[in-house]
Amino acid sequence: MKAFQSWVSEHKLATIGGLWASGIGASLMANSRTRSPMKPSLRLIHARMHAQALTLAVLCGGATYRYYENHAGDPKP
(Lines give C-alpha, C1' and ligand atoms only; values in the text may rest on other atoms or scores of the structure.)
Protein backbone atom coordinates (compact mmCIF):
# COMPACT_ATOMS: atom_id res chain seq x y z
CA MET A 1 0.00 0.00 0.00
CA LYS A 2 2.88 2.33 0.78
CA ALA A 3 4.38 1.84 -2.69
CA PHE A 4 1.02 2.67 -4.29
CA GLN A 5 0.67 5.83 -2.18
CA SER A 6 4.18 7.00 -3.09
CA TRP A 7 3.54 6.36 -6.81
CA VAL A 8 0.29 8.34 -6.66
CA SER A 9 2.08 11.16 -4.80
CA GLU A 10 4.71 11.36 -7.53
CA HIS A 11 2.27 11.05 -10.47
CA LYS A 12 -0.75 13.12 -9.39
CA LEU A 13 -1.78 14.35 -12.83
CA ALA A 14 -1.43 10.95 -14.44
CA THR A 15 -3.57 9.43 -11.69
CA ILE A 16 -6.30 12.05 -12.07
CA GLY A 17 -6.21 11.76 -15.86
CA GLY A 18 -6.45 7.98 -15.67
CA LEU A 19 -9.40 8.16 -13.31
CA TRP A 20 -11.11 10.68 -15.58
CA ALA A 21 -10.61 8.49 -18.66
CA SER A 22 -11.78 5.36 -16.84
CA GLY A 23 -14.81 7.28 -15.58
CA ILE A 24 -15.77 8.27 -19.12
CA GLY A 25 -15.26 4.71 -20.35
CA ALA A 26 -17.29 3.17 -17.54
CA SER A 27 -20.11 5.66 -17.98
CA LEU A 28 -20.21 5.15 -21.74
CA MET A 29 -20.30 1.39 -21.26
CA ALA A 30 -23.06 1.63 -18.67
CA ASN A 31 -25.13 3.95 -20.87
CA SER A 32 -24.64 1.85 -24.00
CA ARG A 33 -25.95 -1.29 -22.30
CA THR A 34 -29.29 0.29 -21.51
CA ARG A 35 -31.96 0.47 -24.17
CA SER A 36 -32.62 4.16 -23.78
CA PRO A 37 -33.58 6.40 -26.69
CA MET A 38 -30.66 8.77 -26.02
CA LYS A 39 -28.54 9.93 -28.92
CA PRO A 40 -24.82 9.07 -28.85
CA SER A 41 -23.96 12.76 -28.37
CA LEU A 42 -26.16 12.92 -25.28
CA ARG A 43 -24.57 9.74 -23.94
CA LEU A 44 -21.16 11.33 -24.39
CA ILE A 45 -22.25 14.44 -22.52
CA HIS A 46 -23.56 12.34 -19.63
CA ALA A 47 -20.36 10.31 -19.58
CA ARG A 48 -18.30 13.50 -19.41
CA MET A 49 -20.42 14.82 -16.54
CA HIS A 50 -20.02 11.57 -14.61
CA ALA A 51 -16.27 11.63 -15.20
CA GLN A 52 -16.07 15.23 -14.01
CA ALA A 53 -17.97 14.37 -10.84
CA LEU A 54 -15.59 11.46 -10.22
CA THR A 55 -12.60 13.74 -10.81
CA LEU A 56 -13.92 16.35 -8.38
CA ALA A 57 -14.51 13.67 -5.76
CA VAL A 58 -10.95 12.38 -6.19
CA LEU A 59 -9.51 15.90 -6.00
CA CYS A 60 -11.48 16.65 -2.83
CA GLY A 61 -10.41 13.37 -1.30
CA GLY A 62 -6.79 14.04 -2.22
CA ALA A 63 -6.91 17.54 -0.77
CA THR A 64 -8.45 16.22 2.44
CA TYR A 65 -5.85 13.48 2.68
CA ARG A 66 -3.02 15.94 2.13
CA TYR A 67 -4.43 18.36 4.69
CA TYR A 68 -4.65 15.70 7.39
CA GLU A 69 -1.26 14.28 6.39
CA ASN A 70 0.38 17.70 6.81
CA HIS A 71 -1.40 18.47 10.08
CA ALA A 72 -1.10 15.03 11.68
CA GLY A 73 2.30 15.79 13.21
CA ASP A 74 1.34 19.26 14.47
CA PRO A 75 0.55 19.28 18.20
CA LYS A 76 -2.50 21.28 19.22
CA PRO A 77 -1.59 24.48 21.11
# chains A, B, ... in the order shown; residues from 1 in each chain; ligands from 1
>>> residues_around(residues="Asn31 (chain A)", least_positions_apart="5", cutoff="10 Å", atoms="only C-alpha atoms", output="list in words")
Gly25, Ala26, Ser36, Met38, Pro40, Arg43, Leu44, His46 and Ala47 of chain A
>>> select_by_dssp(residues="chain A", states="alpha helix (DSSP H)", output="ChimeraX atom specification")
/A:2-10,12-33,40-71
>>> residues_around(residues="region 6-9 of chain A", least_positions_apart="2", cutoff="12 Å", atoms="only C-alpha atoms", output="ChimeraX atom specification")
/A:1-4,11-19,58,62-63,65-66
>>> atom_distance(atom1="CA of Ala72 (chain A)", atom2="CA of Ala57 (chain A)")
22.0 Å
>>> closest_residue(among="A:Asn70, A:Ser27, A:Ser41, A:Gln5", to="Leu54 (chain A)", atoms="only C-alpha atoms")
A:Ser27
>>> atom_distance(atom1="CA of Ile24 (chain A)", atom2="CA of Ala51 (chain A)")
5.2 Å
>>> closest_residue(among="A:Lys39, A:Thr34, A:Leu28, A:Gly23", to="Ala53 (chain A)", atoms="only C-alpha atoms")
A:Gly23
>>> closest_residue(among="A:Glu10, A:Leu56, A:His50, A:Gly61", to="Ala30 (chain A)", atoms="only C-alpha atoms")
A:His50
